[in-house]
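Before any comments, here is the structure.
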Amino acid sequence: PVGRLPTASEMPMPISSAIAGGVPNAPGLYALHATENVWRELGLGAPPDERPLYVGKAEGSLVSRDLNTHFATGQTGRSSPRRSIAALLSAASPLALVSMPRRPHDPEPKKWTHFALEEAGDEQLTEWMRAKLKIAVWPSPPGAALAAVEGRVMRAWKPPLNLVGVTTPWTAEVKAARAVMARQAREWARARGF
């Protein structure tokens with residue numbers, strides 16, 4: 001039994017409210033939401049409905065997965081939504097987003113797709129995300145199979161930044177933007193002798 005499933009219109013909260021205790025330290029699902037202006041800033045066009053930009057699951061803690069990873073400087077190499085947002089913003093925004101390997105002193109040649117950002121750009125990305133995104137959370141009831149619930153929600157909502165488990169009208173565009181950043185991370189490493 002999973003109880004009530006989340007809906008796309010759950011009340012998202014500002015990231016500042018989430019950081020101030022609005023997100024429970026419990027497992028569950030989370031959804032990153034944005035206004036139409038932010039969708040356009042990311043180059044995604046107008047949102048067709050209330051769907052979120054991204055849906056994910058936190059098996060352990062919504063606080064550690066969402067707030068301490070997706071909204072923290074230095075975590076881009078470990079956060080798929082951060083990488084997707086960085087890639088979409090890199091061409092069209094004034095942010096100085098320079099991709100590099102997530103382990104700059106010991107690059108992983110088979111993981112260029114897990115790029116990070118140079119520190120100044122990473123801080124700008126964190127500020128942008130905290131200012132422009134909202135988060136909705138669904139603490140899971142006991143017995144919920146989070147992976148299955150996440151899959152159902154992703155297939156129903158088709159959030160544009162999810163790249164695994166669902167194909168959306170934006171999948172090719174997001175993957176192409178991320179591939180550019182992955183190539184730049186590889187070039188960054190090669191320019192430094194790796």
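Chains: A, B, ... in order of the structure tokens. Residues: from 1 per chain. Ligands: from 1, in order shown.
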
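Counting only C-alpha atoms, segment 52-54 of chain A has the following residues at most 9 Å away, ignoring those fewer than 4 positions along the same chain: Ala8, Ser9, Tyr30, Ala31, Leu32, His33, Ala34, Trp39, Pro47, Pro81, Ile135, Met154, Trp157, Lys158, Pro159, Pro160, Leu161 and Asn162 of chain A.
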
Only C-alpha atoms, please: the residues just picked out, written as a PDB file, in the first residue's frame.
```
ATOM      1  CA  ALA A   8       1.580  17.678 -10.010  1.00  0.00           C
ATOM      2  CA  SER A   9      -0.168  20.559  -8.264  1.00  0.00           C
ATOM      3  CA  TYR A  30      10.492  15.394  -4.429  1.00  0.00           C
ATOM      4  CA  ALA A  31       9.659  17.575  -7.412  1.00  0.00           C
ATOM      5  CA  LEU A  32      11.477  20.707  -8.569  1.00  0.00           C
ATOM      6  CA  HIS A  33       9.113  23.350  -9.921  1.00  0.00           C
ATOM      7  CA  ALA A  34       9.624  26.614 -11.794  1.00  0.00           C
ATOM      8  CA  TRP A  39      11.196  27.336 -18.227  1.00  0.00           C
ATOM      9  CA  PRO A  47       5.343  24.572 -19.732  1.00  0.00           C
ATOM     10  CA  PRO A  81      19.250  18.147 -12.107  1.00  0.00           C
ATOM     11  CA  ILE A 135      10.361  22.171  -4.250  1.00  0.00           C
ATOM     12  CA  MET A 154       7.724  10.288 -13.974  1.00  0.00           C
ATOM     13  CA  TRP A 157       4.201  13.871 -15.532  1.00  0.00           C
ATOM     14  CA  LYS A 158       7.110  13.597 -18.018  1.00  0.00           C
ATOM     15  CA  PRO A 159       9.356  16.161 -16.270  1.00  0.00           C
ATOM     16  CA  PRO A 160      11.826  17.595 -18.811  1.00  0.00           C
ATOM     17  CA  LEU A 161      15.005  17.216 -16.743  1.00  0.00           C
ATOM     18  CA  ASN A 162      14.531  13.515 -15.961  1.00  0.00           C
TER      19      ASN A 162
END
```

### In segment 63-184 of chain A, DSSP alpha helix (DSSP H) residues written as a PyMOL selection string
chain A and resi 80-90+119-132+146-157+171-184

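Residues with any atom within 12 Å of Arg65 of chain A, counting only C-alpha atoms and excluding same-chain neighbours fewer than 4 positions away, are Val23, Pro24, Asn25, Ala26, Pro27, Gly28, Leu29, Tyr30, Gly56, Lys57, Ala58, Glu59, Gly60, Ser61, Thr69, His70, Phe71, Ala72, Gln75, Arg78, Ser79, Ser80, Pro81 and Val137 of chain A.
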
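For the set A:Glu119, A:Asp49, A:Glu108, A:Asp66, the residue with the smallest atom-to-atom gap to Ile19 of chain A is A:Asp66, counting only C-alpha atoms.
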
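Using only C-alpha atoms, the smallest distance between any of A:Val38, A:Ala148, A:Leu62, A:Leu163 and Ala136 of chain A comes from A:Leu62.
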
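Atom to atom, atom CA of Ala182 of chain A and atom CA of Gly151 of chain A stand 26.4 Å apart.
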
### Summary
Pairwise distance, atom CA of Trp138 of chain A with atom CA of Arg152 of chain A, equals 13.9 Å

### Query
Counting only C-alpha atoms, what is within 9 Å of segment 94-105 of chain A, bar same-chain residues fewer than 6 positions away, as an NGL selection string?
:A and (74-78 or 86-87 or 111-122 or 124-125 or 128 or 181-189 or 194)

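By chain and then residue number, the residues within 9 Å of Ala18 of chain A are A:Met13, A:Pro14, A:Ile15, A:Ser16, A:Ala20, A:Gly21, A:Gly22, A:Val23, A:Pro24, A:Val63, A:Leu67, A:Lys134, A:Ile135, A:Ala136, counting only C-alpha atoms and disregarding those fewer than 2 positions away in sequence.
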
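In terms of minimum interatomic distance to Leu89 of chain A, A:Glu41 ranks closest within A:Glu50, A:Glu41, A:Glu173, A:Glu123, counting only C-alpha atoms.
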
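If you look at atom CA of Ala177 of chain A and atom CA of Leu88 of chain A, they are 5.9 Å away from each other.
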